$ cat model33.txt   # compact mmCIF, C-alpha atoms
# COMPACT_ATOMS: atom_id res chain seq x y z
CA MET R 1 146.29 56.53 55.17
CA PRO R 2 147.74 59.97 54.38
CA TYR R 3 146.99 61.55 51.03
CA ASP R 4 149.49 62.04 48.25
CA PRO R 5 151.66 64.97 49.43
CA GLN R 6 151.54 66.49 45.96
CA LEU R 7 147.75 66.55 46.10
CA VAL R 8 147.77 68.21 49.50
CA GLN R 9 150.51 70.79 48.88
CA PRO R 10 148.30 73.43 47.20
CA MET R 11 145.81 73.12 50.08
CA ARG R 12 148.62 73.69 52.57
CA GLN R 13 149.89 76.62 50.55
CA GLU R 14 146.50 78.33 50.53
CA LEU R 15 147.02 78.84 54.26
CA THR R 16 150.76 79.34 54.50
CA ASP R 17 150.49 82.04 51.83
CA LEU R 18 148.31 83.89 54.35
CA GLY R 19 151.07 83.76 56.93
CA VAL R 20 149.51 80.86 58.82
CA THR R 21 152.07 78.73 60.68
CA GLU R 22 152.12 75.15 59.45
CA LEU R 23 152.33 72.65 62.32
CA ALA R 24 153.44 69.35 60.82
CA THR R 25 154.61 67.58 63.96
CA ALA R 26 153.33 67.08 67.48
CA GLU R 27 156.37 68.95 68.78
CA ALA R 28 155.57 71.91 66.55
CA VAL R 29 152.02 71.95 67.93
CA ASP R 30 153.24 71.94 71.51
CA THR R 31 155.69 74.75 70.82
CA PHE R 32 153.01 76.78 69.07
CA MET R 33 150.42 76.20 71.79
CA GLY R 34 152.98 76.87 74.50
CA SER R 35 152.40 80.61 74.14
CA LYS R 36 149.11 80.90 75.99
CA GLU R 37 148.93 84.66 76.32
CA GLY R 38 146.55 86.40 73.93
CA THR R 39 144.57 84.80 71.15
CA THR R 40 145.41 81.76 69.05
CA LEU R 41 143.51 80.20 66.16
CA VAL R 42 144.12 76.59 65.17
CA ILE R 43 142.86 75.60 61.74
CA VAL R 44 142.29 71.89 61.15
CA ASN R 45 142.72 71.76 57.39
CA SER R 46 141.44 68.87 55.27
CA VAL R 47 141.20 67.66 51.71
CA CYS R 48 137.42 67.19 51.61
CA GLY R 49 136.02 69.59 49.06
CA CYS R 50 132.51 69.44 50.53
CA ALA R 51 133.62 71.61 53.45
CA ALA R 52 137.30 72.49 53.21
CA GLY R 53 136.70 74.04 49.80
CA MET R 54 135.00 76.92 51.60
CA ALA R 55 136.96 76.77 54.85
CA ARG R 56 140.16 78.05 53.27
CA PRO R 57 138.59 80.95 51.34
CA GLY R 58 136.61 81.73 54.48
CA ILE R 59 139.66 82.09 56.70
CA LYS R 60 141.37 84.08 53.97
CA LEU R 61 138.59 86.66 54.17
CA ALA R 62 138.43 86.55 57.95
CA LEU R 63 142.14 87.25 58.36
CA ARG R 64 141.65 90.54 56.50
CA HIS R 65 139.36 91.65 59.32
CA GLU R 66 140.46 94.38 61.69
CA ASN R 67 140.26 92.11 64.71
CA LYS R 68 142.03 88.79 64.42
CA PRO R 69 144.05 86.35 66.52
CA VAL R 70 147.64 87.05 67.45
CA ARG R 71 148.76 83.59 66.32
CA VAL R 72 147.28 81.40 63.61
CA GLY R 73 148.47 77.85 63.05
CA THR R 74 147.27 74.88 61.05
CA VAL R 75 147.42 71.11 61.15
CA PHE R 76 146.36 68.89 58.26
CA ALA R 77 143.90 66.13 59.14
CA GLY R 78 144.46 62.90 57.26
CA GLN R 79 148.00 63.97 56.43
CA ASP R 80 149.92 65.08 59.51
CA LEU R 81 148.35 62.53 61.81
CA ASP R 82 150.47 63.05 64.93
CA ALA R 83 150.23 66.82 64.71
CA THR R 84 146.45 66.68 64.26
CA ALA R 85 146.03 64.33 67.20
CA ARG R 86 148.17 66.58 69.38
CA ALA R 87 146.27 69.68 68.34
CA ARG R 88 142.96 67.99 69.16
CA ALA R 89 144.33 67.16 72.59
CA TYR R 90 144.12 70.90 73.32
CA PHE R 91 140.33 70.74 72.88
CA PRO R 92 139.50 67.25 74.13
CA ASP R 93 135.85 67.99 74.93
CA VAL R 94 135.07 68.77 71.29
CA PRO R 95 134.44 65.91 68.84
CA PRO R 96 137.09 65.49 66.11
CA SER R 97 136.05 67.46 63.06
CA SER R 98 137.79 68.50 59.87
CA PRO R 99 137.90 71.07 58.59
CA SER R 100 137.33 73.07 61.76
CA PHE R 101 138.53 76.18 63.59
CA ALA R 102 139.44 76.44 67.28
CA LEU R 103 139.94 79.89 68.81
CA PHE R 104 141.76 80.16 72.13
CA LYS R 105 142.10 83.14 74.43
CA ASP R 106 144.79 82.95 77.10
CA GLY R 107 144.93 79.20 76.55
CA GLU R 108 141.20 78.62 76.91
CA LEU R 109 139.00 77.46 74.03
CA VAL R 110 136.48 80.26 73.46
CA HIS R 111 135.02 79.47 70.03
CA PHE R 112 134.85 76.38 67.85
CA VAL R 113 133.54 76.02 64.31
CA PRO R 114 132.92 72.35 63.51
CA ARG R 115 132.77 70.91 60.02
CA HIS R 116 128.98 70.89 59.78
CA GLN R 117 128.90 74.67 60.24
CA ILE R 118 131.15 75.00 57.18
CA GLU R 119 129.52 72.46 54.86
CA GLY R 120 127.42 74.05 52.18
CA GLN R 121 128.32 77.57 53.28
CA ASP R 122 129.94 80.16 51.06
CA ALA R 123 133.25 81.78 51.98
CA GLN R 124 131.53 84.93 53.23
CA SER R 125 129.38 82.98 55.68
CA VAL R 126 132.38 81.07 57.02
CA ALA R 127 134.27 84.33 57.35
CA PHE R 128 131.34 86.03 59.10
CA ASN R 129 131.23 83.28 61.70
CA LEU R 130 134.95 83.71 62.37
CA MET R 131 134.94 87.51 62.29
CA SER R 132 132.11 87.61 64.84
CA ALA R 133 134.26 85.51 67.16
CA PHE R 134 137.31 87.67 66.43
CA ASP R 135 135.32 90.80 67.33
CA GLN R 136 134.23 89.19 70.58
CA HIS R 137 137.57 87.76 71.65
CA CYS R 138 140.39 89.44 69.72
CA ALA R 139 139.49 93.13 69.87
CA SER R 140 142.07 95.11 71.83
CA GLY R 141 144.59 96.32 69.33
CA GLN R 142 146.06 92.84 68.85
CA SER R 143 147.05 91.82 65.36
CA ALA R 144 148.28 88.73 63.55
CA MET B 1 115.70 65.13 46.43
CA GLU B 2 117.53 65.31 43.11
CA ARG B 3 120.78 63.59 42.48
CA THR B 4 123.71 65.73 41.41
CA PHE B 5 126.88 65.33 39.36
CA HIS B 6 128.92 65.29 42.57
CA HIS B 7 130.54 61.86 42.41
CA GLY B 8 127.20 60.60 41.06
CA LYS B 9 125.87 60.69 44.59
CA HIS B 10 122.99 62.35 46.38
CA GLU B 11 123.11 66.12 46.86
CA LEU B 12 123.66 65.60 50.59
CA HIS B 13 126.89 63.70 49.92
CA GLY B 14 129.53 65.03 52.31
CA ILE B 15 127.02 66.87 54.46
CA THR B 16 126.48 66.06 58.13
CA VAL B 17 122.87 65.04 58.64
CA VAL B 18 120.44 63.96 61.34
CA VAL B 19 118.55 60.81 60.38
CA GLU B 20 115.41 60.18 62.42
CA THR B 21 113.69 56.83 62.26
CA SER B 22 110.39 55.22 63.13
CA GLY B 23 112.20 53.29 65.85
CA ALA B 24 114.13 54.34 68.92
CA HIS B 25 117.29 55.24 67.06
CA THR B 26 118.47 58.59 65.75
CA PHE B 27 121.70 58.87 63.79
CA ILE B 28 124.04 61.76 63.09
CA GLY B 29 126.75 61.32 60.50
CA ARG B 30 128.26 62.46 57.26
CA CYS B 31 125.97 61.45 54.42
CA ASP B 32 127.70 59.36 51.79
CA ASP B 33 124.62 58.70 49.70
CA ILE B 34 120.86 58.28 49.77
CA THR B 35 119.50 55.54 47.55
CA ASP B 36 116.44 53.34 47.27
CA GLU B 37 118.13 51.14 49.86
CA GLY B 38 118.44 53.84 52.48
CA VAL B 39 120.79 56.43 53.92
CA MET B 40 124.49 55.59 53.94
CA LEU B 41 126.35 57.42 56.72
CA LEU B 42 130.01 57.76 57.67
CA ASP B 43 131.42 58.59 61.13
CA VAL B 44 128.11 58.03 62.85
CA ALA B 45 126.84 58.98 66.30
CA ILE B 46 123.88 56.95 67.55
CA HIS B 47 121.14 57.84 70.01
CA ASP B 48 119.13 54.84 71.13
CA GLY B 49 116.68 56.50 73.44
CA THR B 50 118.39 55.34 76.64
CA ASP B 51 120.95 58.12 76.95
CA GLY B 52 118.83 61.20 77.51
CA PRO B 53 116.37 63.10 75.34
CA LYS B 54 116.87 62.93 71.57
CA ASP B 55 116.54 66.69 71.29
CA ASP B 56 119.48 67.15 73.67
CA PHE B 57 121.57 64.72 71.61
CA ILE B 58 120.84 66.68 68.45
CA ALA B 59 121.26 70.11 70.02
CA LYS B 60 124.63 69.23 71.50
CA ALA B 61 125.84 67.92 68.15
CA ALA B 62 124.58 71.06 66.43
CA LYS B 63 126.73 73.18 68.71
CA PHE B 64 129.98 71.23 68.91
CA GLY B 65 129.79 68.34 66.44
CA HIS B 66 129.20 64.67 67.12
CA TRP B 67 131.23 61.82 68.58
CA ALA B 68 131.36 59.04 66.00
CA LYS B 69 130.65 55.57 67.34
CA GLU B 70 130.53 53.77 63.97
CA LYS B 71 132.76 54.33 60.96
CA ALA B 72 129.99 53.49 58.49
CA LEU B 73 126.35 52.58 58.80
CA ALA B 74 123.32 52.12 56.51
CA VAL B 75 119.89 53.15 57.72
CA PRO B 76 117.20 51.20 55.83
CA ARG B 77 114.93 53.42 53.77
CA GLU B 78 111.72 52.04 55.28
CA SER B 79 112.73 53.12 58.78
CA VAL B 80 113.78 56.67 57.86
CA THR B 81 111.23 59.32 58.80
CA ASN B 82 113.32 62.46 58.36
CA VAL B 83 116.73 63.59 57.10
CA THR B 84 117.91 67.06 58.12
CA ARG B 85 121.18 68.92 57.73
CA LEU B 86 122.74 69.24 61.18
CA ALA B 87 123.63 72.83 60.28
CA ASP B 88 119.91 73.58 59.96
CA VAL B 89 119.29 72.56 63.56
CA THR B 90 119.26 75.49 65.96
CA ALA B 91 121.37 74.53 68.96

$ encode --input "model33.txt" --output "structure tokens"
Amino acid sequence: MPYDPQLVQPMRQELTDLGVTELATAEAVDTFMGSKEGTTLVIVNSVCGCAAGMARPGIKLALRHENKPVRVGTVFAGQDLDATARARAYFPDVPPSSPSFALFKDGELVHFVPRHQIEGQDAQSVAFNLMSAFDQHCASGQSA
Amino acid sequence: MERTFHHGKHELHGITVVVETSGAHTFIGRCDDITDEGVMLLDVAIHDGTDGPKDDFIAKAAKFGHWAKEKALAVPRESVTNVTRLADVTA
């Protein structure tokens, strides 16, 4: 059952304030993922404080990095159920996990950070994981 | 391990763990609590020894996450031989 929207709103806003595109419907996900050229990051946001509490500060730091994806979008697990299911359909070989990060290059999944690699980490460690992937896959003068 | 103030549950509450047992089964799931009764797991993947080496099961989960087969499961304390954070496993 979805969470109280009022509870979730600040957690959404932590990402949208960064310029991340909120994908609240399956159609929005398809439109967003339709642009396959370049790099795309999909953030599966969640309420759980055990992991998501560091996922959001981690991506905030990572998006300040020189190299970063061209497009960054987010779905909210446990809240926007259809959108989350549709987003996960773009990486069907990876077990469902929230929070998590999926980085695509030219439509292909090139890096995935599952929940257990976020749990218990500080924001800097989460950001380092992402920035290492950005350096590997997003470096070529592209910017968000 | 010490208990914490976090919901009054074990310090591994909310953390994805590998639970090894004295039997054939190995479990990977999100720890809800560890009590005198055992380890309570949520969204649990199960290796029963018939589907390839246990180390492969754990290593694959460490890299990509785990496919949950059971929503919730309790592993009796007497059968638990080891509890490890999945993040501490080198894939």

$ residues_near_point --input "model33.txt" --point "(144.5, 80.3, 69.9)" --cutoff "8 Å" --atoms "only C-alpha atoms" --output "list in words"
Met33, Lys36, Gly38, Thr39, Thr40, Leu41, Val42, Pro69, Val70, Arg71, Val72, Ala102, Leu103, Phe104, Lys105, Asp106, Gly107, Glu108 and Leu109 of chain R

$ interface_residues --input "model33.txt" --of "chain R" --to "chain B" --cutoff "12 Å" --atoms "only C-alpha atoms" --output "MDAnalysis selection string"
chainID R and resid 47:53 91:102 111:121

$ residues_near_point --input "model33.txt" --point "(118.0, 52.6, 72.6)" --cutoff "10 Å" --atoms "only C-alpha atoms" --output "MDAnalysis selection string"
chainID B and resid 23:26 46:52

$ write_last_selection --input "model33.txt" --atoms "C-alpha atoms" --output "mmCIF file, in the coordinates of the input"
data_model
loop_
_atom_site.group_PDB
_atom_site.id
_atom_site.type_symbol
_atom_site.label_atom_id
_atom_site.label_comp_id
_atom_site.auth_asym_id
_atom_site.auth_seq_id
_atom_site.Cartn_x
_atom_site.Cartn_y
_atom_site.Cartn_z
ATOM 1 C CA GLY B 23 112.200 53.290 65.850
ATOM 2 C CA ALA B 24 114.130 54.340 68.920
ATOM 3 C CA HIS B 25 117.290 55.240 67.060
ATOM 4 C CA THR B 26 118.470 58.590 65.750
ATOM 5 C CA ILE B 46 123.880 56.950 67.550
ATOM 6 C CA HIS B 47 121.140 57.840 70.010
ATOM 7 C CA ASP B 48 119.130 54.840 71.130
ATOM 8 C CA GLY B 49 116.680 56.500 73.440
ATOM 9 C CA THR B 50 118.390 55.340 76.640
ATOM 10 C CA ASP B 51 120.950 58.120 76.950
ATOM 11 C CA GLY B 52 118.830 61.200 77.510
#

$ axis_aligned_box --input "model33.txt" --around "segment 48-60 of chain B" --padding-each-side "6 Å" --output "JSON"
{"center_x": 120.5, "center_y": 62.5, "center_z": 73.0, "size_x": 20.3, "size_y": 27.3, "size_z": 21.1}

$ closest_residue --input "model33.txt" --among "B:Ala59, B:Val19, B:Asn82, B:Glu70" --to "Leu42 of chain B" --atoms "all atoms listed in the file"
B:Glu70

$ residues_around --input "model33.txt" --residues "segment 3-15 of chain R" --least-positions-apart "6" --cutoff "12 Å" --atoms "only C-alpha atoms" --output "PyMOL selection string"
chain R and resi 21-24+42-49+52-61+63+72-81+99

$ closest_residue --input "model33.txt" --among "B:Asp32, B:Asp55, B:Asp43, B:Glu37" --to "Lys9 of chain B" --atoms "only C-alpha atoms"
B:Asp32

$ atom_distance --input "model33.txt" --atom1 "atom CA of Ser132 of chain R" --atom2 "atom CA of Ala28 of chain R"
28.3 Å

$ closest_residue --input "model33.txt" --among "B:Val89, B:Ile28, B:Val39, B:Ile58" --to "Arg77 of chain B" --atoms "all atoms listed in the file"
B:Val39

$ atom_distance --input "model33.txt" --atom1 "atom CA of Thr84 of chain R" --atom2 "atom CA of Thr84 of chain B"
29.2 Å

$ closest_residue --input "model33.txt" --among "B:Lys60, B:Thr35, B:Thr90, B:Met40" --to "Val75 of chain B" --atoms "all atoms listed in the file"
B:Met40

$ closest_residue --input "model33.txt" --among "R:Ala123, R:Met131, R:Leu18, R:Ala26" --to "Arg88 of chain R" --atoms "all atoms listed in the file"
R:Ala26

$ atom_distance --input "model33.txt" --atom1 "atom CA of Thr31 of chain R" --atom2 "atom CA of Arg86 of chain R"
11.2 Å

$ decode --input "model33.txt" --residues "segment 34-46 of chain B" --atoms "all heavy atoms" --output "mmCIF file, in the first residue's frame"
data_model
loop_
_atom_site.group_PDB
_atom_site.id
_atom_site.type_symbol
_atom_site.label_atom_id
_atom_site.label_comp_id
_atom_site.auth_asym_id
_atom_site.auth_seq_id
_atom_site.Cartn_x
_atom_site.Cartn_y
_atom_site.Cartn_z
ATOM 1 N N ILE B 34 17.069 -9.722 15.169
ATOM 2 C CA ILE B 34 17.724 -10.933 15.665
ATOM 3 C C ILE B 34 17.400 -11.021 17.148
ATOM 4 O O ILE B 34 17.681 -10.080 17.906
ATOM 5 C CB ILE B 34 19.247 -10.905 15.435
ATOM 6 C CG1 ILE B 34 19.555 -10.795 13.936
ATOM 7 C CG2 ILE B 34 19.889 -12.162 16.018
ATOM 8 C CD1 ILE B 34 21.037 -10.700 13.594
ATOM 9 N N THR B 35 16.787 -12.118 17.521
ATOM 10 C CA THR B 35 16.363 -12.303 18.915
ATOM 11 C C THR B 35 16.846 -13.662 19.409
ATOM 12 O O THR B 35 17.524 -14.401 18.680
ATOM 13 C CB THR B 35 14.824 -12.256 19.017
ATOM 14 O OG1 THR B 35 14.290 -13.438 18.402
ATOM 15 C CG2 THR B 35 14.258 -11.024 18.323
ATOM 16 N N ASP B 36 16.454 -14.002 20.615
ATOM 17 C CA ASP B 36 16.786 -15.326 21.147
ATOM 18 C C ASP B 36 16.129 -16.434 20.332
ATOM 19 O O ASP B 36 16.556 -17.592 20.368
ATOM 20 C CB ASP B 36 16.332 -15.433 22.608
ATOM 21 C CG ASP B 36 17.162 -14.546 23.517
ATOM 22 O OD1 ASP B 36 18.259 -14.127 23.091
ATOM 23 O OD2 ASP B 36 16.709 -14.250 24.644
ATOM 24 N N GLU B 37 15.079 -16.062 19.600
ATOM 25 C CA GLU B 37 14.370 -17.057 18.782
ATOM 26 C C GLU B 37 15.109 -17.346 17.483
ATOM 27 O O GLU B 37 15.021 -18.449 16.944
ATOM 28 C CB GLU B 37 12.960 -16.548 18.443
ATOM 29 C CG GLU B 37 12.101 -16.212 19.662
ATOM 30 C CD GLU B 37 11.819 -17.444 20.489
ATOM 31 O OE1 GLU B 37 11.507 -18.488 19.910
ATOM 32 O OE2 GLU B 37 11.940 -17.345 21.732
ATOM 33 N N GLY B 38 15.773 -16.335 16.953
ATOM 34 C CA GLY B 38 16.460 -16.527 15.685
ATOM 35 C C GLY B 38 16.577 -15.251 14.893
ATOM 36 O O GLY B 38 16.451 -14.147 15.435
ATOM 37 N N VAL B 39 16.780 -15.422 13.586
ATOM 38 C CA VAL B 39 16.953 -14.276 12.691
ATOM 39 C C VAL B 39 15.676 -14.114 11.867
ATOM 40 O O VAL B 39 15.275 -15.039 11.150
ATOM 41 C CB VAL B 39 18.155 -14.474 11.752
ATOM 42 C CG1 VAL B 39 18.352 -13.240 10.868
ATOM 43 C CG2 VAL B 39 19.419 -14.755 12.560
ATOM 44 N N MET B 40 15.059 -12.963 11.983
ATOM 45 C CA MET B 40 13.850 -12.664 11.216
ATOM 46 C C MET B 40 14.246 -11.893 9.966
ATOM 47 O O MET B 40 14.851 -10.821 10.052
ATOM 48 C CB MET B 40 12.881 -11.823 12.051
ATOM 49 C CG MET B 40 11.830 -12.636 12.785
ATOM 50 S SD MET B 40 12.501 -14.016 13.759
ATOM 51 C CE MET B 40 13.172 -13.140 15.158
ATOM 52 N N LEU B 41 13.890 -12.459 8.795
ATOM 53 C CA LEU B 41 14.277 -11.864 7.517
ATOM 54 C C LEU B 41 13.047 -11.468 6.708
ATOM 55 O O LEU B 41 11.998 -12.107 6.800
ATOM 56 C CB LEU B 41 15.097 -12.871 6.696
ATOM 57 C CG LEU B 41 16.442 -13.312 7.273
ATOM 58 C CD1 LEU B 41 17.028 -14.421 6.408
ATOM 59 C CD2 LEU B 41 17.407 -12.138 7.359
ATOM 60 N N LEU B 42 13.213 -10.443 5.892
ATOM 61 C CA LEU B 42 12.181 -10.001 4.945
ATOM 62 C C LEU B 42 12.745 -10.088 3.529
ATOM 63 O O LEU B 42 13.956 -9.884 3.327
ATOM 64 C CB LEU B 42 11.752 -8.565 5.250
ATOM 65 C CG LEU B 42 11.207 -8.303 6.663
ATOM 66 C CD1 LEU B 42 10.979 -6.804 6.865
ATOM 67 C CD2 LEU B 42 9.928 -9.077 6.913
ATOM 68 N N ASP B 43 11.871 -10.365 2.570
ATOM 69 C CA ASP B 43 12.272 -10.450 1.151
ATOM 70 C C ASP B 43 13.486 -11.364 1.008
ATOM 71 O O ASP B 43 14.606 -10.912 0.754
ATOM 72 C CB ASP B 43 12.565 -9.054 0.583
ATOM 73 C CG ASP B 43 11.321 -8.171 0.607
ATOM 74 O OD1 ASP B 43 10.214 -8.700 0.438
ATOM 75 O OD2 ASP B 43 11.460 -6.951 0.810
ATOM 76 N N VAL B 44 13.241 -12.643 1.136
ATOM 77 C CA VAL B 44 14.308 -13.613 1.350
ATOM 78 C C VAL B 44 14.574 -14.483 0.116
ATOM 79 O O VAL B 44 13.647 -15.047 -0.480
ATOM 80 C CB VAL B 44 13.932 -14.545 2.525
ATOM 81 C CG1 VAL B 44 15.134 -15.385 2.934
ATOM 82 C CG2 VAL B 44 13.410 -13.750 3.712
ATOM 83 N N ALA B 45 15.836 -14.572 -0.250
ATOM 84 C CA ALA B 45 16.297 -15.533 -1.259
ATOM 85 C C ALA B 45 16.834 -16.756 -0.516
ATOM 86 O O ALA B 45 17.439 -16.630 0.556
ATOM 87 C CB ALA B 45 17.393 -14.909 -2.122
ATOM 88 N N ILE B 46 16.602 -17.936 -1.099
ATOM 89 C CA ILE B 46 16.972 -19.178 -0.413
ATOM 90 C C ILE B 46 17.829 -20.046 -1.336
ATOM 91 O O ILE B 46 17.463 -20.284 -2.490
ATOM 92 C CB ILE B 46 15.709 -19.971 -0.010
ATOM 93 C CG1 ILE B 46 14.794 -19.099 0.860
ATOM 94 C CG2 ILE B 46 16.094 -21.262 0.720
ATOM 95 C CD1 ILE B 46 13.410 -19.702 1.065
#
